[in-house]
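A.B. asks: Below is upload37.pdb; it holds PDB, C-alpha atoms, pLDDT in the B column.
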MODEL        1
ATOM      1  CA  MET D   1       0.000   0.000   0.000  1.00 61.00           C
ATOM      2  CA  LYS D   2       3.036   2.221   0.311  1.00 66.00           C
ATOM      3  CA  LYS D   3       3.211   2.425  -3.448  1.00 70.00           C
ATOM      4  CA  VAL D   4       0.006   4.405  -3.512  1.00 70.00           C
ATOM      5  CA  TRP D   5       1.898   7.389  -2.178  1.00 76.00           C
ATOM      6  CA  MET D   6       4.318   7.173  -5.058  1.00 73.00           C
ATOM      7  CA  VAL D   7       1.678   6.828  -7.713  1.00 75.00           C
ATOM      8  CA  LEU D   8      -0.664   9.452  -6.353  1.00 72.00           C
ATOM      9  CA  PRO D   9       1.529  12.479  -7.154  1.00 72.00           C
ATOM     10  CA  VAL D  10       2.031  11.113 -10.651  1.00 73.00           C
ATOM     11  CA  CYS D  11      -1.725  10.845 -11.081  1.00 66.00           C
ATOM     12  CA  ALA D  12      -2.200  14.357  -9.795  1.00 71.00           C
ATOM     13  CA  PHE D  13       0.400  15.646 -12.210  1.00 72.00           C
ATOM     14  CA  ALA D  14      -1.151  13.800 -15.148  1.00 68.00           C
ATOM     15  CA  LEU D  15      -4.586  15.124 -14.283  1.00 70.00           C
ATOM     16  CA  GLY D  16      -3.195  18.614 -14.011  1.00 67.00           C
ATOM     17  CA  ALA D  17      -1.622  18.251 -17.426  1.00 65.00           C
ATOM     18  CA  CYS D  18      -4.983  17.276 -18.920  1.00 60.00           C
ATOM     19  CA  VAL D  19      -6.646  20.360 -17.549  1.00 57.00           C
ATOM     20  CA  THR D  20      -3.811  22.579 -18.728  1.00 55.00           C
ATOM     21  CA  ILE D  21      -4.028  21.247 -22.268  1.00 54.00           C
ATOM     22  CA  ASN D  22      -7.713  21.931 -22.293  1.00 58.00           C
ATOM     23  CA  ILE D  23      -7.444  25.486 -20.997  1.00 69.00           C
ATOM     24  CA  TYR D  24      -5.067  26.712 -23.688  1.00 86.00           C
ATOM     25  CA  PHE D  25      -6.686  28.689 -26.442  1.00 91.00           C
ATOM     26  CA  PRO D  26      -6.223  26.826 -29.746  1.00 93.00           C
ATOM     27  CA  ALA D  27      -4.918  29.761 -31.754  1.00 93.00           C
ATOM     28  CA  ALA D  28      -4.291  27.877 -34.993  1.00 94.00           C
ATOM     29  CA  ALA D  29      -7.712  26.274 -34.942  1.00 94.00           C
ATOM     30  CA  ALA D  30      -9.299  29.645 -34.228  1.00 96.00           C
ATOM     31  CA  GLU D  31      -7.542  31.168 -37.198  1.00 95.00           C
ATOM     32  CA  LYS D  32      -8.760  28.386 -39.432  1.00 95.00           C
ATOM     33  CA  ALA D  33     -12.296  28.806 -38.154  1.00 95.00           C
ATOM     34  CA  ALA D  34     -12.128  32.576 -38.637  1.00 96.00           C
ATOM     35  CA  ASP D  35     -10.928  32.182 -42.215  1.00 96.00           C
ATOM     36  CA  LYS D  36     -13.735  29.789 -43.004  1.00 95.00           C
ATOM     37  CA  ILE D  37     -16.395  32.107 -41.652  1.00 97.00           C
ATOM     38  CA  ILE D  38     -14.901  35.233 -43.225  1.00 97.00           C
ATOM     39  CA  GLU D  39     -14.743  33.499 -46.588  1.00 96.00           C
ATOM     40  CA  GLU D  40     -18.414  32.701 -46.342  1.00 96.00           C
ATOM     41  CA  VAL D  41     -19.535  36.073 -45.043  1.00 97.00           C
ATOM     42  CA  TRP D  42     -17.541  37.992 -47.627  1.00 96.00           C
ATOM     43  CA  GLN D  43     -18.164  35.298 -50.250  1.00 90.00           C
ATOM     44  CA  GLN D  44     -14.497  35.173 -51.055  1.00 82.00           C
ATOM     45  CA  THR D  45     -12.610  32.462 -52.774  1.00 67.00           C
ATOM     46  CA  ASP D  46      -8.969  32.062 -51.806  1.00 55.00           C
ATOM     47  CA  LYS D  47      -7.942  34.966 -54.004  1.00 52.00           C
ATOM     48  CA  PRO D  48      -9.476  38.406 -53.691  1.00 50.00           C
ATOM     49  CA  VAL D  49     -12.244  38.920 -56.194  1.00 49.00           C
ATOM     50  CA  ILE D  50     -11.030  40.706 -59.273  1.00 51.00           C
ATOM     51  CA  LYS D  51     -13.637  42.893 -60.874  1.00 50.00           C
ATOM     52  CA  GLU D  52     -14.400  42.047 -64.470  1.00 52.00           C
ATOM     53  CA  SER D  53     -13.913  44.885 -66.883  1.00 50.00           C
ATOM     54  CA  LYS D  54     -16.145  45.057 -69.889  1.00 44.00           C
TER      55      LYS D  54
ATOM     56  CA  MET W   1      -3.343  -2.747  -6.699  1.00 68.00           C
ATOM     57  CA  LYS W   2      -5.667  -3.826  -9.460  1.00 76.00           C
ATOM     58  CA  THR W   3      -7.887  -0.849  -8.821  1.00 80.00           C
ATOM     59  CA  MET W   4      -4.929   1.448  -9.035  1.00 76.00           C
ATOM     60  CA  PHE W   5      -3.946  -0.044 -12.372  1.00 75.00           C
ATOM     61  CA  LYS W   6      -7.439   0.408 -13.706  1.00 80.00           C
ATOM     62  CA  PHE W   7      -7.431   3.978 -12.493  1.00 76.00           C
ATOM     63  CA  LEU W   8      -4.169   4.695 -14.247  1.00 75.00           C
ATOM     64  CA  LEU W   9      -5.465   3.156 -17.437  1.00 79.00           C
ATOM     65  CA  ALA W  10      -8.575   5.314 -17.281  1.00 78.00           C
ATOM     66  CA  LEU W  11      -6.413   8.360 -16.683  1.00 73.00           C
ATOM     67  CA  LEU W  12      -4.276   7.504 -19.680  1.00 75.00           C
ATOM     68  CA  ALA W  13      -7.357   7.166 -21.870  1.00 72.00           C
ATOM     69  CA  LEU W  14      -8.661  10.478 -20.585  1.00 74.00           C
ATOM     70  CA  THR W  15      -5.368  12.188 -21.354  1.00 67.00           C
ATOM     71  CA  ALA W  16      -5.360  10.773 -24.852  1.00 65.00           C
ATOM     72  CA  ALA W  17      -8.960  11.849 -25.424  1.00 63.00           C
ATOM     73  CA  LEU W  18      -8.282  15.379 -24.230  1.00 62.00           C
ATOM     74  CA  ASN W  19      -5.188  15.594 -26.401  1.00 57.00           C
ATOM     75  CA  VAL W  20      -7.267  14.735 -29.424  1.00 54.00           C
ATOM     76  CA  PHE W  21      -9.843  17.284 -28.358  1.00 55.00           C
ATOM     77  CA  ALA W  22      -7.220  19.988 -27.995  1.00 54.00           C
ATOM     78  CA  ALA W  23      -5.806  19.292 -31.436  1.00 52.00           C
ATOM     79  CA  ALA W  24      -9.182  19.245 -33.145  1.00 66.00           C
ATOM     80  CA  ASP W  25     -10.713  22.179 -34.944  1.00 81.00           C
ATOM     81  CA  LEU W  26     -12.895  24.706 -33.245  1.00 91.00           C
ATOM     82  CA  GLU W  27     -16.546  23.862 -33.627  1.00 93.00           C
ATOM     83  CA  VAL W  28     -18.221  26.495 -35.783  1.00 94.00           C
ATOM     84  CA  ASN W  29     -20.930  24.446 -37.372  1.00 94.00           C
ATOM     85  CA  THR W  30     -23.719  24.977 -34.858  1.00 96.00           C
ATOM     86  CA  PRO W  31     -27.200  26.365 -35.521  1.00 97.00           C
ATOM     87  CA  GLY W  32     -26.369  29.479 -33.516  1.00 97.00           C
ATOM     88  CA  VAL W  33     -23.156  30.227 -35.401  1.00 97.00           C
ATOM     89  CA  ASN W  34     -24.768  29.475 -38.753  1.00 97.00           C
ATOM     90  CA  ALA W  35     -27.695  31.801 -38.092  1.00 98.00           C
ATOM     91  CA  ILE W  36     -25.382  34.717 -37.298  1.00 98.00           C
ATOM     92  CA  LYS W  37     -23.182  33.888 -40.261  1.00 97.00           C
ATOM     93  CA  ASN W  38     -26.141  33.896 -42.644  1.00 97.00           C
ATOM     94  CA  SER W  39     -27.361  37.187 -41.284  1.00 98.00           C
ATOM     95  CA  MET W  40     -23.911  38.714 -41.804  1.00 98.00           C
ATOM     96  CA  GLN W  41     -23.653  37.239 -45.268  1.00 97.00           C
ATOM     97  CA  ALA W  42     -26.953  38.809 -46.278  1.00 97.00           C
ATOM     98  CA  ARG W  43     -25.926  42.159 -44.826  1.00 97.00           C
ATOM     99  CA  HIS W  44     -22.623  42.089 -46.640  1.00 97.00           C
ATOM    100  CA  ALA W  45     -24.392  42.634 -49.964  1.00 96.00           C
ATOM    101  CA  GLN W  46     -25.516  46.006 -48.632  1.00 96.00           C
ATOM    102  CA  LEU W  47     -22.249  46.866 -46.917  1.00 97.00           C
ATOM    103  CA  ALA W  48     -19.840  45.902 -49.707  1.00 96.00           C
ATOM    104  CA  GLY W  49     -20.365  49.134 -51.635  1.00 96.00           C
ATOM    105  CA  TYR W  50     -19.542  51.188 -48.558  1.00 97.00           C
ATOM    106  CA  TYR W  51     -16.353  49.215 -47.940  1.00 97.00           C
ATOM    107  CA  ASP W  52     -15.429  49.922 -51.567  1.00 97.00           C
ATOM    108  CA  SER W  53     -16.103  53.639 -51.278  1.00 97.00           C
ATOM    109  CA  GLY W  54     -14.296  53.918 -47.970  1.00 97.00           C
ATOM    110  CA  ALA W  55     -17.378  55.113 -46.146  1.00 97.00           C
ATOM    111  CA  VAL W  56     -17.082  52.125 -43.845  1.00 98.00           C
ATOM    112  CA  GLY W  57     -13.833  50.635 -42.587  1.00 98.00           C
ATOM    113  CA  ILE W  58     -12.616  47.672 -40.576  1.00 98.00           C
ATOM    114  CA  THR W  59     -11.420  48.389 -37.057  1.00 98.00           C
ATOM    115  CA  MET W  60      -8.735  46.623 -35.044  1.00 97.00           C
ATOM    116  CA  ASP W  61     -11.129  45.077 -32.562  1.00 97.00           C
ATOM    117  CA  GLY W  62     -12.956  42.805 -34.984  1.00 97.00           C
ATOM    118  CA  MET W  63     -15.697  45.318 -35.678  1.00 98.00           C
ATOM    119  CA  ILE W  64     -16.495  47.854 -38.396  1.00 98.00           C
ATOM    120  CA  SER W  65     -17.165  51.546 -38.197  1.00 98.00           C
ATOM    121  CA  VAL W  66     -18.311  54.467 -40.296  1.00 98.00           C
ATOM    122  CA  ARG W  67     -15.082  56.044 -41.475  1.00 97.00           C
ATOM    123  CA  ASP W  68     -16.153  58.780 -43.849  1.00 96.00           C
ATOM    124  CA  ALA W  69     -19.747  59.774 -43.292  1.00 95.00           C
ATOM    125  CA  GLY W  70     -19.298  62.645 -45.736  1.00 95.00           C
ATOM    126  CA  SER W  71     -19.054  60.238 -48.645  1.00 95.00           C
ATOM    127  CA  ILE W  72     -22.470  58.771 -47.884  1.00 96.00           C
ATOM    128  CA  PRO W  73     -25.467  60.563 -49.391  1.00 95.00           C
ATOM    129  CA  LEU W  74     -27.396  62.289 -46.642  1.00 96.00           C
ATOM    130  CA  ALA W  75     -30.472  60.177 -47.255  1.00 96.00           C
ATOM    131  CA  ALA W  76     -28.532  56.954 -46.794  1.00 96.00           C
ATOM    132  CA  ARG W  77     -26.507  57.951 -43.755  1.00 96.00           C
ATOM    133  CA  GLN W  78     -29.034  56.769 -41.224  1.00 96.00           C
ATOM    134  CA  SER W  79     -29.369  53.377 -42.845  1.00 97.00           C
ATOM    135  CA  VAL W  80     -25.606  52.926 -43.066  1.00 97.00           C
ATOM    136  CA  ASN W  81     -25.300  53.701 -39.375  1.00 97.00           C
ATOM    137  CA  ALA W  82     -27.949  51.103 -38.692  1.00 98.00           C
ATOM    138  CA  LEU W  83     -26.185  48.572 -40.905  1.00 98.00           C
ATOM    139  CA  VAL W  84     -22.897  49.118 -39.076  1.00 98.00           C
ATOM    140  CA  ALA W  85     -24.582  48.814 -35.685  1.00 98.00           C
ATOM    141  CA  ALA W  86     -26.381  45.629 -36.701  1.00 98.00           C
ATOM    142  CA  GLU W  87     -23.187  44.161 -38.139  1.00 98.00           C
ATOM    143  CA  ASN W  88     -21.254  44.878 -34.958  1.00 98.00           C
ATOM    144  CA  LYS W  89     -23.977  43.342 -32.852  1.00 98.00           C
ATOM    145  CA  ASP W  90     -23.829  40.200 -34.984  1.00 98.00           C
ATOM    146  CA  ARG W  91     -20.054  40.078 -34.763  1.00 98.00           C
ATOM    147  CA  GLU W  92     -20.109  40.399 -31.005  1.00 98.00           C
ATOM    148  CA  ALA W  93     -22.658  37.594 -30.860  1.00 98.00           C
ATOM    149  CA  LEU W  94     -20.632  35.493 -33.289  1.00 98.00           C
ATOM    150  CA  TYR W  95     -17.492  35.599 -31.149  1.00 98.00           C
ATOM    151  CA  ALA W  96     -19.434  34.731 -28.023  1.00 98.00           C
ATOM    152  CA  GLU W  97     -21.355  31.985 -29.800  1.00 98.00           C
ATOM    153  CA  ILE W  98     -18.197  30.297 -31.098  1.00 97.00           C
ATOM    154  CA  ALA W  99     -16.700  30.415 -27.602  1.00 96.00           C
ATOM    155  CA  ASN W 100     -19.874  28.931 -26.127  1.00 96.00           C
ATOM    156  CA  ALA W 101     -20.140  26.267 -28.810  1.00 96.00           C
ATOM    157  CA  ASN W 102     -16.694  25.057 -27.785  1.00 94.00           C
ATOM    158  CA  GLY W 103     -17.485  25.011 -24.095  1.00 93.00           C
ATOM    159  CA  HIS W 104     -15.216  27.956 -23.307  1.00 94.00           C
ATOM    160  CA  PRO W 105     -17.159  31.211 -22.996  1.00 95.00           C
ATOM    161  CA  GLU W 106     -13.956  32.796 -21.677  1.00 95.00           C
ATOM    162  CA  TRP W 107     -12.361  32.385 -25.100  1.00 96.00           C
ATOM    163  CA  ALA W 108     -14.582  35.068 -26.648  1.00 97.00           C
ATOM    164  CA  PRO W 109     -11.998  37.888 -26.403  1.00 97.00           C
ATOM    165  CA  GLU W 110      -9.317  35.713 -27.982  1.00 97.00           C
ATOM    166  CA  ILE W 111     -11.652  34.612 -30.727  1.00 97.00           C
ATOM    167  CA  ARG W 112     -12.488  38.237 -31.329  1.00 98.00           C
ATOM    168  CA  SER W 113      -8.845  39.244 -31.655  1.00 97.00           C
ATOM    169  CA  THR W 114      -8.172  36.306 -33.963  1.00 97.00           C
ATOM    170  CA  PHE W 115     -11.044  37.437 -36.156  1.00 98.00           C
ATOM    171  CA  ALA W 116      -9.850  41.040 -35.975  1.00 98.00           C
ATOM    172  CA  GLN W 117      -6.529  40.016 -37.510  1.00 97.00           C
ATOM    173  CA  ARG W 118      -8.132  37.890 -40.176  1.00 97.00           C
ATOM    174  CA  TRP W 119     -10.770  40.458 -41.194  1.00 97.00           C
ATOM    175  CA  THR W 120      -7.993  43.026 -41.628  1.00 97.00           C
ATOM    176  CA  GLN W 121      -5.738  40.649 -43.485  1.00 96.00           C
ATOM    177  CA  ARG W 122      -8.432  39.404 -45.831  1.00 96.00           C
ATOM    178  CA  ALA W 123      -9.921  42.805 -46.610  1.00 96.00           C
ATOM    179  CA  GLN W 124     -10.026  43.445 -50.323  1.00 96.00           C
ATOM    180  CA  SER W 125      -7.696  45.973 -51.860  1.00 96.00           C
ATOM    181  CA  GLY W 126      -9.222  49.419 -51.752  1.00 97.00           C
ATOM    182  CA  TRP W 127     -10.920  48.786 -48.416  1.00 98.00           C
ATOM    183  CA  TRP W 128      -9.930  50.789 -45.373  1.00 98.00           C
ATOM    184  CA  VAL W 129      -8.576  49.181 -42.225  1.00 97.00           C
ATOM    185  CA  LEU W 130      -7.729  50.836 -38.943  1.00 97.00           C
ATOM    186  CA  THR W 131      -4.147  50.347 -37.769  1.00 95.00           C
ATOM    187  CA  ASN W 132      -2.121  51.729 -34.888  1.00 95.00           C
ATOM    188  CA  ASN W 133      -1.229  54.635 -37.164  1.00 95.00           C
ATOM    189  CA  GLY W 134      -4.800  55.430 -38.151  1.00 96.00           C
ATOM    190  CA  TRP W 135      -6.809  54.461 -41.216  1.00 97.00           C
ATOM    191  CA  SER W 136      -4.948  52.871 -44.067  1.00 97.00           C
ATOM    192  CA  GLN W 137      -6.167  51.726 -47.455  1.00 97.00           C
ATOM    193  CA  LYS W 138      -5.349  48.216 -48.549  1.00 94.00           C
TER     194      LYS W 138
ENDMDL
END
Can I see the file as structure tokens?
C.D. replies:
Amino acid sequence: MKKVWMVLPVCAFALGACVTINIYFPAAAAEKAADKIIEEVWQQTDKPVIKESK
Amino acid sequence: MKTMFKFLLALLALTAALNVFAAADLEVNTPGVNAIKNSMQARHAQLAGYYDSGAVGITMDGMISVRDAGSIPLAARQSVNALVAAENKDREALYAEIANANGHPEWAPEIRSTFAQRWTQRAQSGWWVLTNNGWSQK
């Protein structure tokens, strides 16, 4: 039963790591999401729309 | 000891699951987000001309603002103001909605600043964007 006291801190650390991962703001994913929404709102393709001249 | 092993295994699975979650995309395909997006898309048809003329510009905080009211015909000024106000309300709601949809309402300010950068960067040439040195035309 002594081993419990060795494993417990490890568990606590692992659990803490999980929470930390989850708290971080996923900047890259947010950028991707923003691009997707902006494209749709502004009806852009990847390139800026070039006006057709007659 | 068996219980402890099981516990550790569960913890490992949980860690793995959360790792996957953290790496995944932000959820933006919810009814709430889509409704705001559609509303903004419809409004854009009315706003586009004012972006082109420079009457309306993109600010640094993920919003838009009337930049040159003088270039808007007097009769249309009121409606442009209303358009800008409605757009900003939608944008505010959009950032909050994305944060909520991902279970992190506290992310709204970061989502807003991410959008702010992307709106500015993706603005078409000729449109006006606010920078630290004032308005600048793309």
A.B. asks: Of the candidates W:Phe7, W:Phe115, W:Tyr51, W:Trp107, which one gets nearest to W:Gln137 if we count all atoms listed in the file?
C.D. replies: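 So, comparing all the options, the nearest one is W:Tyr51.
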A.B. asks: Quote the spacing between atom CA of W:Asp68 and atom CA of D:Gln44 in Å to one decimal place.
C.D. replies: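 It comes out at 24.7 Å.
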A.B. asks: Name the residues captured by the ChimeraX specification (/D :<7) & /W when it is applied to the shown file; answer as a ChimeraX atom specification.
C.D. replies: /W:15,18,22,25-26,28,37,40-41,44,107,111,114-115,118-119,124
A.B. asks: Can I get the selected residues back with C-alpha atoms, as a PDB file, keeping the file's coordinate frame?
C.D. replies:
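Dumped to selection-v4.pdb:
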ATOM      1  CA  THR W  15      -5.368  12.188 -21.354  1.00 67.00           C
ATOM      2  CA  LEU W  18      -8.282  15.379 -24.230  1.00 62.00           C
ATOM      3  CA  ALA W  22      -7.220  19.988 -27.995  1.00 54.00           C
ATOM      4  CA  ASP W  25     -10.713  22.179 -34.944  1.00 81.00           C
ATOM      5  CA  LEU W  26     -12.895  24.706 -33.245  1.00 91.00           C
ATOM      6  CA  VAL W  28     -18.221  26.495 -35.783  1.00 94.00           C
ATOM      7  CA  LYS W  37     -23.182  33.888 -40.261  1.00 97.00           C
ATOM      8  CA  MET W  40     -23.911  38.714 -41.804  1.00 98.00           C
ATOM      9  CA  GLN W  41     -23.653  37.239 -45.268  1.00 97.00           C
ATOM     10  CA  HIS W  44     -22.623  42.089 -46.640  1.00 97.00           C
ATOM     11  CA  TRP W 107     -12.361  32.385 -25.100  1.00 96.00           C
ATOM     12  CA  ILE W 111     -11.652  34.612 -30.727  1.00 97.00           C
ATOM     13  CA  THR W 114      -8.172  36.306 -33.963  1.00 97.00           C
ATOM     14  CA  PHE W 115     -11.044  37.437 -36.156  1.00 98.00           C
ATOM     15  CA  ARG W 118      -8.132  37.890 -40.176  1.00 97.00           C
ATOM     16  CA  TRP W 119     -10.770  40.458 -41.194  1.00 97.00           C
ATOM     17  CA  GLN W 124     -10.026  43.445 -50.323  1.00 96.00           C
TER      18      GLN W 124
END
A.B. asks: What would the selection look like, as a ChimeraX atom specification, if the PyMOL selection byres ((chain W and resi 30) around 10) were run on the coordinates I just shared?
C.D. replies: /W:27-29,31-35,97-98,101-102
A.B. asks: Please produce an output containing C-alpha atoms for each residue in the selection, written as a short mmCIF file (atom, residue, chain, number, x, y, z; two decimals), keeping the file's coordinate frame.
C.D. replies:
data_model
loop_
_atom_site.label_atom_id
_atom_site.label_comp_id
_atom_site.auth_asym_id
_atom_site.auth_seq_id
_atom_site.Cartn_x
_atom_site.Cartn_y
_atom_site.Cartn_z
CA GLU W 27 -16.55 23.86 -33.63
CA VAL W 28 -18.22 26.50 -35.78
CA ASN W 29 -20.93 24.45 -37.37
CA PRO W 31 -27.20 26.36 -35.52
CA GLY W 32 -26.37 29.48 -33.52
CA VAL W 33 -23.16 30.23 -35.40
CA ASN W 34 -24.77 29.48 -38.75
CA ALA W 35 -27.70 31.80 -38.09
CA GLU W 97 -21.36 31.98 -29.80
CA ILE W 98 -18.20 30.30 -31.10
CA ALA W 101 -20.14 26.27 -28.81
CA ASN W 102 -16.69 25.06 -27.78
#
A.B. asks: Which distance in Å separates atom CA of W:Asn132 and atom CA of W:Arg43, to one decimal?
C.D. replies: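 Atom-to-atom, atom CA of W:Asn132 and atom CA of W:Arg43 are spaced 27.5 Å apart.
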A.B. asks: Fewer than 2 positions away in the same chain doesn't count, so skip those; otherwise give me all residues within 12 Å of W:Trp128, counting all atoms listed in the file, as a ChimeraX atom specification.
C.D. replies: /W:48,50-60,64-68,119-126,130-131,134-138
A.B. asks: What is the distance between atom CA of W:Asp61 and atom CA of W:Val129, in Å to one decimal?
C.D. replies: 10.8 Å
A.B. asks: Can you tell me, as a PyMOL selection string, which residues sit within 9 Å of (-21.9, 39.2, -36.8) in the file's frame, using all atoms listed in the file?
C.D. replies: chain W and resi 36-41+63+86-95
